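Enquirer: First, the structure itself, so that you have it in front of you.
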Amino acid sequence: MAEGKILMVDDDKEIADLVEIHLKGEGYQVYKAYNGKEALEIFDAEEIDLAILDIMMPGMDGNEVCAKIRQTSTIPIIMLSAKDSESDKVSGLVNGADDYVTKPFNTSELIARVKAHLARYKRLTASGTQENDVIEIRGLKIDKTARRVYINGVEK
């Protein structure tokens, strides 16, 4: 059985539930959100290992959520979207996604991609080549590896 905390974000409850069932069947702990705001609240509260983000959501879309996560984390991010044009895929990857899966999708393929990304991420963080050295005190965050400073979540 696999280990890891997965954040599944999709405004389509049926898709989120389907992915959750398959991920839980593989032993992953799944956190679901149905919009970008919920996703970021969960991301801030839990130690998420991988995120699966739908692009087209009300309010904050998946690309915005991806960019926000990238401000503080290097976890693997898989975009899951009905948008299948080359420019949509490129946009998702440019915003920080590691992979892009189009809907409709094969759940076995998605699970295989999750496993591959998590295995690679765990190897990299275990060797110390990906783990950021971050100092956080009240509203101040210093990311020494990325050489970035944030005050109350805003990069300075």
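Chain identifiers are assigned as A, B, and so on, following the order in which chains appear in the structure tokens; residues are numbered from 1 within each chain, and ligands are numbered from 1 in order of appearance.
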At most 12 Å is the cut-off: for each residue in region 44-64 of chain A with any atom that close to an atom of region 18-22 of chain A, write down the nearest atom pair and the distance in Å rounded to one decimal, counting only C-alpha atoms, chain first then increasing number, as JSON lines.

Expert:
```
{"residue": "A:Ala51", "atom": "CA", "partner": "A:Val19", "partner_atom": "CA", "distance": 12.0}
{"residue": "A:Ile52", "atom": "CA", "partner": "A:Val19", "partner_atom": "CA", "distance": 9.5}
{"residue": "A:Leu53", "atom": "CA", "partner": "A:Val19", "partner_atom": "CA", "distance": 11.5}
{"residue": "A:Asp54", "atom": "CA", "partner": "A:Val19", "partner_atom": "CA", "distance": 11.9}
```

Enquirer: Report as a ChimeraX atom specification all protein, DNA and RNA residues lying within 9 Å of region 145-154 of chain A, evaluated on only C-alpha atoms, omitting residues in the same chain fewer than 2 positions from it.

Expert: /A:71,131-134,138-143,156

Enquirer: Can you tell me, as a PyMOL selection string, which residues in region 14-105 of chain A count as strand (DSSP E) by DSSP?

Expert: chain A and resi 29-33+50-54+77-81+99-102

Enquirer: Keeping only C-alpha atoms, write the selected residues as an mmCIF file, in the first residue's frame.

Expert:
```cif
data_model
loop_
_atom_site.group_PDB
_atom_site.id
_atom_site.type_symbol
_atom_site.label_atom_id
_atom_site.label_comp_id
_atom_site.auth_asym_id
_atom_site.auth_seq_id
_atom_site.Cartn_x
_atom_site.Cartn_y
_atom_site.Cartn_z
ATOM 1 C CA GLN A 29 -4.994 9.779 2.395
ATOM 2 C CA VAL A 30 -7.193 12.109 0.317
ATOM 3 C CA TYR A 31 -8.278 15.653 1.053
ATOM 4 C CA LYS A 32 -10.961 17.017 -1.279
ATOM 5 C CA ALA A 33 -11.773 20.601 -2.150
ATOM 6 C CA LEU A 50 0.839 15.911 -4.111
ATOM 7 C CA ALA A 51 -1.992 18.015 -5.544
ATOM 8 C CA ILE A 52 -4.386 17.204 -8.398
ATOM 9 C CA LEU A 53 -5.999 20.420 -9.634
ATOM 10 C CA ASP A 54 -8.872 21.023 -12.017
ATOM 11 C CA ILE A 77 1.145 19.079 -9.051
ATOM 12 C CA ILE A 78 -0.958 17.326 -11.677
ATOM 13 C CA MET A 79 -3.463 19.435 -13.608
ATOM 14 C CA LEU A 80 -6.671 17.572 -14.485
ATOM 15 C CA SER A 81 -8.749 19.454 -17.020
ATOM 16 C CA ASP A 99 1.976 17.061 -15.357
ATOM 17 C CA TYR A 100 -1.267 17.627 -17.269
ATOM 18 C CA VAL A 101 -4.022 15.050 -17.727
ATOM 19 C CA THR A 102 -7.041 15.788 -19.916
#
```

Enquirer: Any chance you could list, as a VMD selection string, the residues in region 22-146 of chain A that come up helix (DSSP H, G or I) when DSSP is run on the backbone?

Expert: chain A and resid 22 to 25 36 to 45 62 to 70 86 to 94 107 to 126

Enquirer: Return the single residue from A:Asp61, A:Tyr28, A:Glu47, A:Ile137 that is closest to Asp10 (chain A), with distances computed using only C-alpha atoms.

Expert: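 Closest residue, counting only C-alpha atoms: A:Asp61.
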
Enquirer: What's around Val65 (chain A) at 9 Å? Count only C-alpha atoms, leave out sequence neighbours fewer than 2 positions away in its own chain, and write the answer as a VMD selection string.

Expert: chain A and resid 36 to 37 39 to 40 53 55 60 to 63 67 to 70

Enquirer: Kindly give the distance, in Å, that separates CA of Ser91 (chain A) and CA of Val9 (chain A), rounded to a single decimal.

Expert: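 Distance reported for this atom pair: 18.0 Å.
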
Enquirer: Could you state the separation of CA of Ser108 (chain A) and CA of Asp17 (chain A) in Å, given to one decimal place?

Expert: 15.0 Å
